[in-house]
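Visitor: Contents are PDB, C-alpha atoms and all ligand atoms; file name entry-v2.pdb:
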```pdb
MODEL        1
ATOM      1  CA  MET S   1      -0.021  34.155 -18.293
ATOM      2  CA  SER S   2      -2.752  33.626 -20.865
ATOM      3  CA  ARG S   3      -5.846  31.563 -20.156
ATOM      4  CA  VAL S   4      -4.932  29.097 -22.917
ATOM      5  CA  LEU S   5      -1.496  28.573 -21.410
ATOM      6  CA  ASP S   6      -2.998  28.130 -17.977
ATOM      7  CA  ASP S   7      -5.363  25.473 -19.324
ATOM      8  CA  GLU S   8      -2.506  23.705 -21.047
ATOM      9  CA  LEU S   9      -0.502  23.643 -17.816
ATOM     10  CA  THR S  10      -3.454  22.402 -15.786
ATOM     11  CA  GLU S  11      -4.109  19.618 -18.277
ATOM     12  CA  ALA S  12      -0.441  18.577 -18.158
ATOM     13  CA  ALA S  13      -0.399  18.632 -14.347
ATOM     14  CA  HIS S  14      -3.514  16.415 -14.205
ATOM     15  CA  PHE S  15      -1.992  14.010 -16.723
ATOM     16  CA  LEU S  16       1.161  13.725 -14.589
ATOM     17  CA  ARG S  17      -0.754  13.469 -11.313
ATOM     18  CA  ASP S  18      -2.882  10.650 -12.741
ATOM     19  CA  ARG S  19       0.367   8.811 -13.424
ATOM     20  CA  ASP S  20       1.496   9.174  -9.808
ATOM     21  CA  ILE S  21       4.003  11.960 -10.346
ATOM     22  CA  GLU S  22       4.108  13.536  -6.878
ATOM     23  CA  GLU S  23       5.247  17.009  -7.888
ATOM     24  CA  ALA S  24       2.957  17.122 -10.933
ATOM     25  CA  TRP S  25       2.186  20.827 -10.812
ATOM     26  CA  ALA S  26       5.801  21.918 -10.286
ATOM     27  CA  GLU S  27       7.087  19.532 -12.935
ATOM     28  CA  ALA S  28       4.537  20.751 -15.495
ATOM     29  CA  HIS S  29       5.909  24.260 -14.977
ATOM     30  CA  ILE S  30       9.536  23.109 -15.193
ATOM     31  CA  LEU S  31       8.836  21.205 -18.413
ATOM     32  CA  LEU S  32       7.003  24.157 -19.958
ATOM     33  CA  ALA S  33       9.861  26.509 -19.097
ATOM     34  CA  GLY S  34      12.250  23.937 -20.579
ATOM     35  CA  ALA S  35      10.194  23.671 -23.767
ATOM     36  CA  LEU S  36      10.265  27.454 -24.079
ATOM     37  CA  GLY S  37      13.963  27.632 -23.243
ATOM     38  CA  ILE S  38      13.402  30.128 -20.433
ATOM     39  CA  ASP S  39      13.889  30.227 -16.691
ATOM     40  CA  ARG S  40      10.882  29.025 -14.706
ATOM     41  CA  ALA S  41      10.645  32.376 -12.907
ATOM     42  CA  ARG S  42       9.825  34.036 -16.240
ATOM     43  CA  LEU S  43       6.762  31.866 -16.940
ATOM     44  CA  PRO S  44       4.165  34.287 -15.505
ATOM     45  CA  ALA S  45       5.247  36.860 -18.100
ATOM     46  CA  VAL S  46       4.638  34.471 -21.021
ATOM     47  CA  ASP S  47       1.538  35.281 -23.089
ATOM     48  CA  ASP S  48       1.829  32.935 -25.962
ATOM     49  CA  VAL S  49       3.640  29.719 -26.750
ATOM     50  CA  PRO S  50       4.823  29.150 -30.313
ATOM     51  CA  ASP S  51       3.431  25.936 -31.837
ATOM     52  CA  VAL S  52       6.841  24.290 -31.925
ATOM     53  CA  ALA S  53       7.357  24.890 -28.189
ATOM     54  CA  ARG S  54       3.825  23.718 -27.434
ATOM     55  CA  GLU S  55       4.491  20.445 -29.290
ATOM     56  CA  ARG S  56       7.790  20.076 -27.451
ATOM     57  CA  PHE S  57       6.043  20.639 -24.118
ATOM     58  CA  ARG S  58       3.409  17.979 -24.875
ATOM     59  CA  GLU S  59       6.130  15.538 -25.863
ATOM     60  CA  PHE S  60       8.059  16.276 -22.628
ATOM     61  CA  VAL S  61       4.922  15.699 -20.542
ATOM     62  CA  ARG S  62       4.137  12.484 -22.396
ATOM     63  CA  ARG S  63       7.670  11.139 -21.771
ATOM     64  CA  ARG S  64       7.535  12.060 -18.098
ATOM     65  CA  GLY S  65       4.091  10.559 -17.541
ATOM     66  CA  GLU S  66       4.233   7.466 -19.709
ATOM     67  CA  THR S  67       7.822   6.289 -19.299
ATOM     68  CA  ARG S  68       8.736   8.016 -16.006
ATOM     69  CA  GLU S  69      11.837   9.415 -17.656
ATOM     70  CA  PRO S  70      13.411  11.819 -15.135
ATOM     71  CA  VAL S  71      12.953  15.533 -15.798
ATOM     72  CA  ALA S  72      16.744  15.980 -15.845
ATOM     73  CA  TYR S  73      17.070  13.548 -18.761
ATOM     74  CA  ILE S  74      14.144  15.081 -20.636
ATOM     75  CA  LEU S  75      15.619  18.563 -20.339
ATOM     76  CA  GLY S  76      19.187  17.293 -20.653
ATOM     77  CA  ARG S  77      20.418  19.301 -17.706
ATOM     78  CA  CYS S  78      20.191  19.784 -13.956
ATOM     79  CA  GLU S  79      21.524  22.049 -11.228
ATOM     80  CA  PHE S  80      24.135  20.909  -8.748
ATOM     81  CA  TYR S  81      25.816  23.165  -6.218
ATOM     82  CA  GLY S  82      24.795  26.249  -8.187
ATOM     83  CA  LEU S  83      26.119  25.019 -11.530
ATOM     84  CA  THR S  84      24.243  23.582 -14.510
ATOM     85  CA  PHE S  85      25.319  20.160 -15.744
ATOM     86  CA  ARG S  86      24.423  18.249 -18.862
ATOM     87  CA  THR S  87      22.596  15.058 -17.901
ATOM     88  CA  THR S  88      22.097  11.996 -20.089
ATOM     89  CA  PRO S  89      21.355   8.330 -19.342
ATOM     90  CA  ALA S  90      25.125   7.771 -19.557
ATOM     91  CA  ALA S  91      25.442   8.807 -15.912
ATOM     92  CA  LEU S  92      23.582   9.230 -12.659
ATOM     93  CA  ILE S  93      21.726  12.513 -12.228
ATOM     94  CA  PRO S  94      23.613  14.439  -9.510
ATOM     95  CA  ARG S  95      21.613  14.453  -6.252
ATOM     96  CA  PRO S  96      21.188  17.153  -3.592
ATOM     97  CA  ALA S  97      22.506  14.659  -0.978
ATOM     98  CA  SER S  98      25.907  14.808  -2.688
ATOM     99  CA  GLU S  99      26.082  18.534  -1.959
ATOM    100  CA  THR S 100      26.808  17.528   1.660
ATOM    101  CA  LEU S 101      29.906  15.717   0.431
ATOM    102  CA  VAL S 102      30.981  18.699  -1.667
ATOM    103  CA  GLU S 103      30.449  21.111   1.219
ATOM    104  CA  ARG S 104      32.575  19.045   3.562
ATOM    105  CA  ALA S 105      35.257  18.519   0.905
ATOM    106  CA  LEU S 106      35.536  22.281   0.342
ATOM    107  CA  ALA S 107      35.669  22.930   4.098
ATOM    108  CA  LEU S 108      38.758  20.693   4.280
ATOM    109  CA  ARG S 109      40.486  22.979   1.732
ATOM    110  CA  PRO S 110      42.411  20.261  -0.120
ATOM    111  CA  GLY S 111      44.963  21.258  -2.729
ATOM    112  CA  THR S 112      44.426  18.009  -4.602
ATOM    113  CA  ALA S 113      41.578  15.500  -4.632
ATOM    114  CA  LEU S 114      40.638  12.198  -6.231
ATOM    115  CA  ASP S 115      36.959  11.782  -7.150
ATOM    116  CA  VAL S 116      36.201   8.072  -7.484
ATOM    117  CA  GLY S 117      33.266   7.168  -9.757
ATOM    118  CA  THR S 118      32.817  10.627 -11.173
ATOM    119  CA  GLY S 119      29.702   9.900 -13.287
ATOM    120  CA  SER S 120      28.586  13.196 -14.856
ATOM    121  CA  GLY S 121      31.632  14.848 -13.289
ATOM    122  CA  ALA S 122      29.478  17.118 -11.118
ATOM    123  CA  ILE S 123      31.424  16.701  -7.864
ATOM    124  CA  ALA S 124      34.795  16.938  -9.630
ATOM    125  CA  VAL S 125      33.793  20.067 -11.547
ATOM    126  CA  VAL S 126      32.534  21.900  -8.446
ATOM    127  CA  LEU S 127      35.763  21.095  -6.586
ATOM    128  CA  ALA S 128      37.871  22.177  -9.562
ATOM    129  CA  LYS S 129      35.907  25.432  -9.861
ATOM    130  CA  HIS S 130      36.873  26.094  -6.230
ATOM    131  CA  GLY S 131      40.560  25.766  -7.013
ATOM    132  CA  VAL S 132      41.148  22.080  -6.153
ATOM    133  CA  ARG S 133      43.403  20.118  -8.537
ATOM    134  CA  VAL S 134      41.155  17.142  -9.290
ATOM    135  CA  THR S 135      41.775  13.697 -10.720
ATOM    136  CA  ALA S 136      38.593  11.735 -11.424
ATOM    137  CA  THR S 137      38.148   8.040 -12.124
ATOM    138  CA  GLU S 138      35.287   6.166 -13.699
ATOM    139  CA  MET S 139      34.612   2.711 -15.174
ATOM    140  CA  SER S 140      32.060   3.762 -17.765
ATOM    141  CA  ASP S 141      33.353   5.224 -21.052
ATOM    142  CA  ALA S 142      30.011   6.895 -21.705
ATOM    143  CA  ALA S 143      30.030   8.578 -18.300
ATOM    144  CA  LEU S 144      33.638   9.694 -18.823
ATOM    145  CA  ASP S 145      32.674  11.351 -22.116
ATOM    146  CA  LEU S 146      29.850  13.196 -20.370
ATOM    147  CA  ALA S 147      32.112  14.214 -17.473
ATOM    148  CA  ARG S 148      34.701  15.586 -19.923
ATOM    149  CA  GLU S 149      31.962  17.546 -21.660
ATOM    150  CA  ASN S 150      30.745  18.995 -18.357
ATOM    151  CA  ALA S 151      34.278  19.925 -17.327
ATOM    152  CA  ALA S 152      34.886  21.641 -20.673
ATOM    153  CA  SER S 153      31.633  23.589 -20.514
ATOM    154  CA  HIS S 154      32.661  24.977 -17.123
ATOM    155  CA  GLY S 155      36.261  25.609 -18.120
ATOM    156  CA  ALA S 156      37.425  23.162 -15.430
ATOM    157  CA  THR S 157      40.718  21.335 -15.890
ATOM    158  CA  ILE S 158      40.386  17.809 -14.510
ATOM    159  CA  GLU S 159      42.458  14.713 -15.141
ATOM    160  CA  PHE S 160      39.956  12.013 -16.080
ATOM    161  CA  ARG S 161      41.097   8.401 -15.959
ATOM    162  CA  LYS S 162      39.306   5.191 -16.804
ATOM    163  CA  ALA S 163      40.090   3.092 -13.740
ATOM    164  CA  ASP S 164      38.660   0.656 -11.229
ATOM    165  CA  LEU S 165      38.403   2.958  -8.170
ATOM    166  CA  PHE S 166      41.903   4.288  -7.516
ATOM    167  CA  VAL S 167      44.851   5.541  -9.547
ATOM    168  CA  ASP S 168      48.371   6.016  -8.219
ATOM    169  CA  GLY S 169      49.236   9.379  -6.766
ATOM    170  CA  ASP S 170      49.189  11.402  -3.583
ATOM    171  CA  PHE S 171      45.955  13.207  -2.917
ATOM    172  CA  ASP S 172      45.076  15.508  -0.024
ATOM    173  CA  LEU S 173      41.542  14.092  -0.111
ATOM    174  CA  ILE S 174      39.639  11.202  -1.679
ATOM    175  CA  VAL S 175      35.918  11.668  -2.318
ATOM    176  CA  SER S 176      33.393   9.202  -3.658
ATOM    177  CA  ASN S 177      29.694   8.685  -4.154
ATOM    178  CA  PRO S 178      29.921   4.984  -4.999
ATOM    179  CA  PRO S 179      27.153   2.552  -5.995
ATOM    180  CA  TYR S 180      25.527   1.414  -2.738
ATOM    181  CA  VAL S 181      22.237  -0.338  -3.562
ATOM    182  CA  LYS S 182      21.990  -4.113  -3.006
ATOM    183  CA  SER S 183      22.126  -5.922  -6.387
ATOM    184  CA  ALA S 184      18.818  -7.669  -5.734
ATOM    185  CA  GLU S 185      17.124  -4.327  -5.060
ATOM    186  CA  VAL S 186      18.374  -2.402  -8.094
ATOM    187  CA  ASP S 187      15.563  -3.673 -10.323
ATOM    188  CA  ASP S 188      12.924  -2.993  -7.658
ATOM    189  CA  GLN S 189      13.755   0.700  -7.409
ATOM    190  CA  ALA S 190      11.230   3.398  -8.305
ATOM    191  CA  PRO S 191      10.466   3.517 -12.054
ATOM    192  CA  ASP S 192      12.256   6.858 -12.456
ATOM    193  CA  LEU S 193      15.523   5.308 -11.254
ATOM    194  CA  ARG S 194      15.407   2.565 -13.874
ATOM    195  CA  HIS S 195      16.430   5.117 -16.490
ATOM    196  CA  GLU S 196      19.771   5.639 -14.762
ATOM    197  CA  PRO S 197      22.748   3.297 -15.347
ATOM    198  CA  ARG S 198      22.798   0.133 -13.295
ATOM    199  CA  LEU S 199      26.544   0.523 -12.721
ATOM    200  CA  ALA S 200      25.791   3.712 -10.774
ATOM    201  CA  PHE S 201      23.628   1.848  -8.241
ATOM    202  CA  ASP S 202      24.767  -1.755  -7.989
ATOM    203  CA  GLY S 203      26.763  -2.141  -4.780
ATOM    204  CA  GLY S 204      26.888  -5.948  -4.830
ATOM    205  CA  PRO S 205      24.963  -8.472  -2.709
ATOM    206  CA  ASP S 206      24.949  -6.343   0.474
ATOM    207  CA  GLY S 207      25.249  -2.947  -1.195
ATOM    208  CA  LEU S 208      28.627  -2.416   0.478
ATOM    209  CA  ARG S 209      30.977  -4.022  -2.050
ATOM    210  CA  GLU S 210      32.448  -0.777  -3.465
ATOM    211  CA  ILE S 211      32.443   0.980  -0.074
ATOM    212  CA  ARG S 212      34.406  -1.939   1.380
ATOM    213  CA  ARG S 213      36.899  -1.725  -1.500
ATOM    214  CA  LEU S 214      37.214   2.046  -1.060
ATOM    215  CA  LEU S 215      38.009   1.631   2.629
ATOM    216  CA  ALA S 216      40.313  -1.389   2.327
ATOM    217  CA  PRO S 217      43.578   0.516   1.689
ATOM    218  CA  ALA S 218      42.807   2.742   4.726
ATOM    219  CA  ARG S 219      43.895   5.801   2.754
ATOM    220  CA  GLY S 220      42.548   9.038   4.120
ATOM    221  CA  PRO S 221      41.213  11.511   4.572
ATOM    222  CA  ILE S 222      38.322  10.090   2.616
ATOM    223  CA  LEU S 223      34.714  11.227   2.237
ATOM    224  CA  ILE S 224      32.194   8.613   1.108
ATOM    225  CA  GLU S 225      28.487   9.092   0.507
ATOM    226  CA  VAL S 226      26.453   6.056   1.618
ATOM    227  CA  GLY S 227      22.834   4.926   1.626
ATOM    228  CA  ALA S 228      20.360   5.701   4.409
ATOM    229  CA  GLY S 229      20.787   3.094   7.146
ATOM    230  CA  GLN S 230      24.284   2.040   6.090
ATOM    231  CA  PRO S 231      26.350   4.170   8.552
ATOM    232  CA  PRO S 232      26.652   1.560  11.374
ATOM    233  CA  ALA S 233      27.973  -1.102   8.976
ATOM    234  CA  VAL S 234      30.226   1.405   7.214
ATOM    235  CA  THR S 235      31.652   2.708  10.507
ATOM    236  CA  ASP S 236      32.500  -0.874  11.364
ATOM    237  CA  LEU S 237      34.171  -1.420   7.985
ATOM    238  CA  ALA S 238      36.222   1.780   8.362
ATOM    239  CA  LEU S 239      37.466   0.892  11.851
ATOM    240  CA  ARG S 240      38.313  -2.649  10.809
ATOM    241  CA  ALA S 241      40.206  -1.327   7.780
ATOM    242  CA  GLY S 242      42.406   0.696  10.147
ATOM    243  CA  PHE S 243      40.895   4.174  10.127
ATOM    244  CA  ARG S 244      41.121   5.791  13.581
ATOM    245  CA  ASP S 245      38.927   8.814  13.240
ATOM    246  CA  VAL S 246      35.408   8.373  11.841
ATOM    247  CA  ARG S 247      32.636  10.920  11.740
ATOM    248  CA  TRP S 248      29.344  11.428   9.883
ATOM    249  CA  TRP S 249      27.833  14.407   8.093
ATOM    250  CA  LYS S 250      24.093  14.781   7.613
ATOM    251  CA  ASP S 251      22.304  15.538   4.350
ATOM    252  CA  LEU S 252      19.615  18.200   3.946
ATOM    253  CA  LEU S 253      17.021  15.782   5.353
ATOM    254  CA  GLY S 254      19.033  15.288   8.530
ATOM    255  CA  ILE S 255      20.135  11.753   7.595
ATOM    256  CA  ASP S 256      23.724  10.622   8.255
ATOM    257  CA  ARG S 257      24.994  10.482   4.701
ATOM    258  CA  VAL S 258      28.695  11.205   4.346
ATOM    259  CA  LEU S 259      31.478   9.346   6.095
ATOM    260  CA  GLU S 260      34.664  11.220   6.878
ATOM    261  CA  ALA S 261      37.479   8.868   7.824
ATOM    262  CA  ARG S 262      41.169   9.362   8.441
TER     263      ARG S 262
HETATM  264  C1  LIG Z   1      26.403   6.706  -7.594
HETATM  265  S1  LIG Z   1      27.239   7.091  -9.094
HETATM  266  C2  LIG Z   1      27.948   8.675  -8.667
HETATM  267  C3  LIG Z   1      28.224   9.565  -9.847
HETATM  268  C4  LIG Z   1      28.698  10.981  -9.464
HETATM  269  N1  LIG Z   1      29.906  10.948  -8.674
HETATM  270  C5  LIG Z   1      27.612  11.710  -8.690
HETATM  271  O1  LIG Z   1      27.702  11.815  -7.477
HETATM  272  O2  LIG Z   1      26.629  12.144  -9.316
HETATM  273  C6  LIG Z   1      28.623   5.989  -9.013
HETATM  274  C7  LIG Z   1      29.563   6.074 -10.204
HETATM  275  O3  LIG Z   1      30.666   5.200  -9.970
HETATM  276  C8  LIG Z   1      30.979   4.506 -11.169
HETATM  277  N2  LIG Z   1      31.639   3.255 -10.753
HETATM  278  C9  LIG Z   1      31.050   2.112 -10.333
HETATM  279  N3  LIG Z   1      31.992   1.212  -9.983
HETATM  280  C10 LIG Z   1      33.194   1.818 -10.176
HETATM  281  C11 LIG Z   1      34.538   1.411  -9.989
HETATM  282  N4  LIG Z   1      34.839   0.195  -9.519
HETATM  283  N5  LIG Z   1      35.539   2.280 -10.293
HETATM  284  C12 LIG Z   1      35.255   3.512 -10.771
HETATM  285  N6  LIG Z   1      33.976   3.964 -10.962
HETATM  286  C13 LIG Z   1      32.974   3.121 -10.669
HETATM  287  C14 LIG Z   1      29.652   4.339 -11.859
HETATM  288  O4  LIG Z   1      29.814   4.132 -13.239
HETATM  289  C15 LIG Z   1      28.956   5.659 -11.520
HETATM  290  O5  LIG Z   1      29.223   6.629 -12.498
ENDMDL
END
```
Kindly return the structure encoded in the file as structure tokens.
Ligand SMILES: C[S@@+](CC[C@H](N)C(=O)[O-])C[C@H]1O[C@@H](n2cnc3c(N)ncnc32)[C@H](O)[C@@H]1O
Guide:
Amino acid sequence: MSRVLDDELTEAAHFLRDRDIEEAWAEAHILLAGALGIDRARLPAVDDVPDVARERFREFVRRRGETREPVAYILGRCEFYGLTFRTTPAALIPRPASETLVERALALRPGTALDVGTGSGAIAVVLAKHGVRVTATEMSDAALDLARENAASHGATIEFRKADLFVDGDFDLIVSNPPYVKSAEVDDQAPDLRHEPRLAFDGGPDGLREIRRLLAPARGPILIEVGAGQPPAVTDLALRAGFRDVRWWKDLLGIDRVLEAR
């Protein structure tokens, strides 16, 4: 890597660090690779950056530092379960914690599945790419458009439906990463999260409104991702709803994250 490029990266990393971006150095590299349209691993081989890419890089860094726009929105894509998804403010950015849900869903080998609140479509697309016949519901038209685009770009056939939680039909498995933040806390979240749609976070006064509604029909097997600290209350809700068998799956940080109930 040339000296000039190194200086440019260092300056960007300092700018981001001064604005409290924790992973400033890594993000500067990711944004530069994005501006150049190359994989990050190829950066050390880059000698020169065309002016247009340099301007793009500076603009990316400015957006990240000044407005705290998430990297995934700036670049317009992110990785989830080994696939690349288009990401826009129309839908939540898929999170690594949801890979726990996907892993467990695949281990259950369902023939059919319903993904409730599909957002960008990431969970639905991964399941479909593994041979599951997926129906996916969502309340937001903008998110549904994005999910359809992601499904098309991966050649995944998914039945998308605008619906409040469920649609009629028999499914071997129901999966959902519902909104689970308390309404009063949505606006107090980290600045990065304020770029994502409120509908993706707002779980009502106690954060459990949609989880409660998902569990109410006692239809299983069901996998639901919940917030850290919510498992005791959610276990209680599941047992009261009539589920007999309840277990928890941990995310990559070792936190109980995904309810499996049947
Ligand atoms: C936490 S996001 C999860 C998005 C995606 N499944 C993922 O894991 O990245 C929750 C999603 O549920 C949608 N949603 C919220 N309430 C809903 C409801 N009652 N019925 C269907 N979808 C809903 C939101 O619009 C949002 O896209």
Visitor: Write out as CSV the residues of range 96-149 of chain S that have any atom within 12 Å of an atom of range 206-225 of chain S, one row each with the nearest atom pair and its distance in Å to one decimal, counting all atoms listed in the file, sorted by chain and then rising number.
Guide:
```
residue,atom,partner,partner_atom,distance
S:Pro96,CA,S:Glu225,CA,11.6
S:Ala97,CA,S:Glu225,CA,8.3
S:Ser98,CA,S:Glu225,CA,7.0
S:Glu99,CA,S:Glu225,CA,10.1
S:Thr100,CA,S:Glu225,CA,8.7
S:Leu101,CA,S:Glu225,CA,6.8
S:Val102,CA,S:Leu223,CA,9.2
S:Glu103,CA,S:Leu223,CA,10.8
S:Arg104,CA,S:Leu223,CA,8.2
S:Ala105,CA,S:Leu223,CA,7.4
S:Leu106,CA,S:Leu223,CA,11.2
S:Ala107,CA,S:Leu223,CA,11.9
S:Leu108,CA,S:Pro221,CA,9.5
S:Arg109,CA,S:Pro221,CA,11.8
S:Pro110,CA,S:Pro221,CA,10.0
S:Thr112,CA,S:Pro221,CA,11.7
S:Ala113,CA,S:Ile222,CA,9.6
S:Leu114,CA,S:Ile222,CA,9.4
S:Asp115,CA,S:Leu223,CA,9.7
S:Val116,CA,S:Leu214,CA,8.9
S:Gly117,CA,S:Glu210,CA,10.2
S:Ile123,CA,S:Glu225,CA,11.7
```
Visitor: If the PyMOL selection byres (((not hetatm)) within 8 of (chain Z and resi 1)) were run on this exact file, what residues would it hold? Put them as number ranges by chain.
Guide: S: 91-95, 98, 115-124, 137-140, 143, 162-166, 176-180, 197, 199-202, 210
Visitor: Hey, can you spit out that residue selection with C-alpha atoms as a PDB file, in the frame of the given file?
Guide:
```pdb
ATOM      1  CA  ALA S  91      25.442   8.807 -15.912  1.00  0.00           C
ATOM      2  CA  LEU S  92      23.582   9.230 -12.659  1.00  0.00           C
ATOM      3  CA  ILE S  93      21.726  12.513 -12.228  1.00  0.00           C
ATOM      4  CA  PRO S  94      23.613  14.439  -9.510  1.00  0.00           C
ATOM      5  CA  ARG S  95      21.613  14.453  -6.252  1.00  0.00           C
ATOM      6  CA  SER S  98      25.907  14.808  -2.688  1.00  0.00           C
ATOM      7  CA  ASP S 115      36.959  11.782  -7.150  1.00  0.00           C
ATOM      8  CA  VAL S 116      36.201   8.072  -7.484  1.00  0.00           C
ATOM      9  CA  GLY S 117      33.266   7.168  -9.757  1.00  0.00           C
ATOM     10  CA  THR S 118      32.817  10.627 -11.173  1.00  0.00           C
ATOM     11  CA  GLY S 119      29.702   9.900 -13.287  1.00  0.00           C
ATOM     12  CA  SER S 120      28.586  13.196 -14.856  1.00  0.00           C
ATOM     13  CA  GLY S 121      31.632  14.848 -13.289  1.00  0.00           C
ATOM     14  CA  ALA S 122      29.478  17.118 -11.118  1.00  0.00           C
ATOM     15  CA  ILE S 123      31.424  16.701  -7.864  1.00  0.00           C
ATOM     16  CA  ALA S 124      34.795  16.938  -9.630  1.00  0.00           C
ATOM     17  CA  THR S 137      38.148   8.040 -12.124  1.00  0.00           C
ATOM     18  CA  GLU S 138      35.287   6.166 -13.699  1.00  0.00           C
ATOM     19  CA  MET S 139      34.612   2.711 -15.174  1.00  0.00           C
ATOM     20  CA  SER S 140      32.060   3.762 -17.765  1.00  0.00           C
ATOM     21  CA  ALA S 143      30.030   8.578 -18.300  1.00  0.00           C
ATOM     22  CA  LYS S 162      39.306   5.191 -16.804  1.00  0.00           C
ATOM     23  CA  ALA S 163      40.090   3.092 -13.740  1.00  0.00           C
ATOM     24  CA  ASP S 164      38.660   0.656 -11.229  1.00  0.00           C
ATOM     25  CA  LEU S 165      38.403   2.958  -8.170  1.00  0.00           C
ATOM     26  CA  PHE S 166      41.903   4.288  -7.516  1.00  0.00           C
ATOM     27  CA  SER S 176      33.393   9.202  -3.658  1.00  0.00           C
ATOM     28  CA  ASN S 177      29.694   8.685  -4.154  1.00  0.00           C
ATOM     29  CA  PRO S 178      29.921   4.984  -4.999  1.00  0.00           C
ATOM     30  CA  PRO S 179      27.153   2.552  -5.995  1.00  0.00           C
ATOM     31  CA  TYR S 180      25.527   1.414  -2.738  1.00  0.00           C
ATOM     32  CA  PRO S 197      22.748   3.297 -15.347  1.00  0.00           C
ATOM     33  CA  LEU S 199      26.544   0.523 -12.721  1.00  0.00           C
ATOM     34  CA  ALA S 200      25.791   3.712 -10.774  1.00  0.00           C
ATOM     35  CA  PHE S 201      23.628   1.848  -8.241  1.00  0.00           C
ATOM     36  CA  ASP S 202      24.767  -1.755  -7.989  1.00  0.00           C
ATOM     37  CA  GLU S 210      32.448  -0.777  -3.465  1.00  0.00           C
TER      38      GLU S 210
END
```
Visitor: How big is the axis-aligned box around all listed atoms of range 132-146 of chain S once 5 Å goes on each side, and where's its centre, in Å to one decimal, as JSON?
Guide:
```
{"center_x": 36.6, "center_y": 12.4, "center_z": -14.1, "size_x": 23.6, "size_y": 29.4, "size_z": 26.0}
```
Visitor: For the structure provided, state which residues fall under the PyMOL selection byres (((chain S and resi 58) around 10) and not hetatm), and present them as a ChimeraX atom specification.
Guide: /S:8-9,12,28,31-32,35,53-57,59-64
Visitor: Go through S:Val126, S:Leu83, S:Ala33, S:Val134 one by one, measure the shortest atom-to-atom distance of each to Asp170 in chain S using all atoms listed in the file, and give the residue with the smallest value.
Guide: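 Closest residue, counting all atoms listed in the file: S:Val134.
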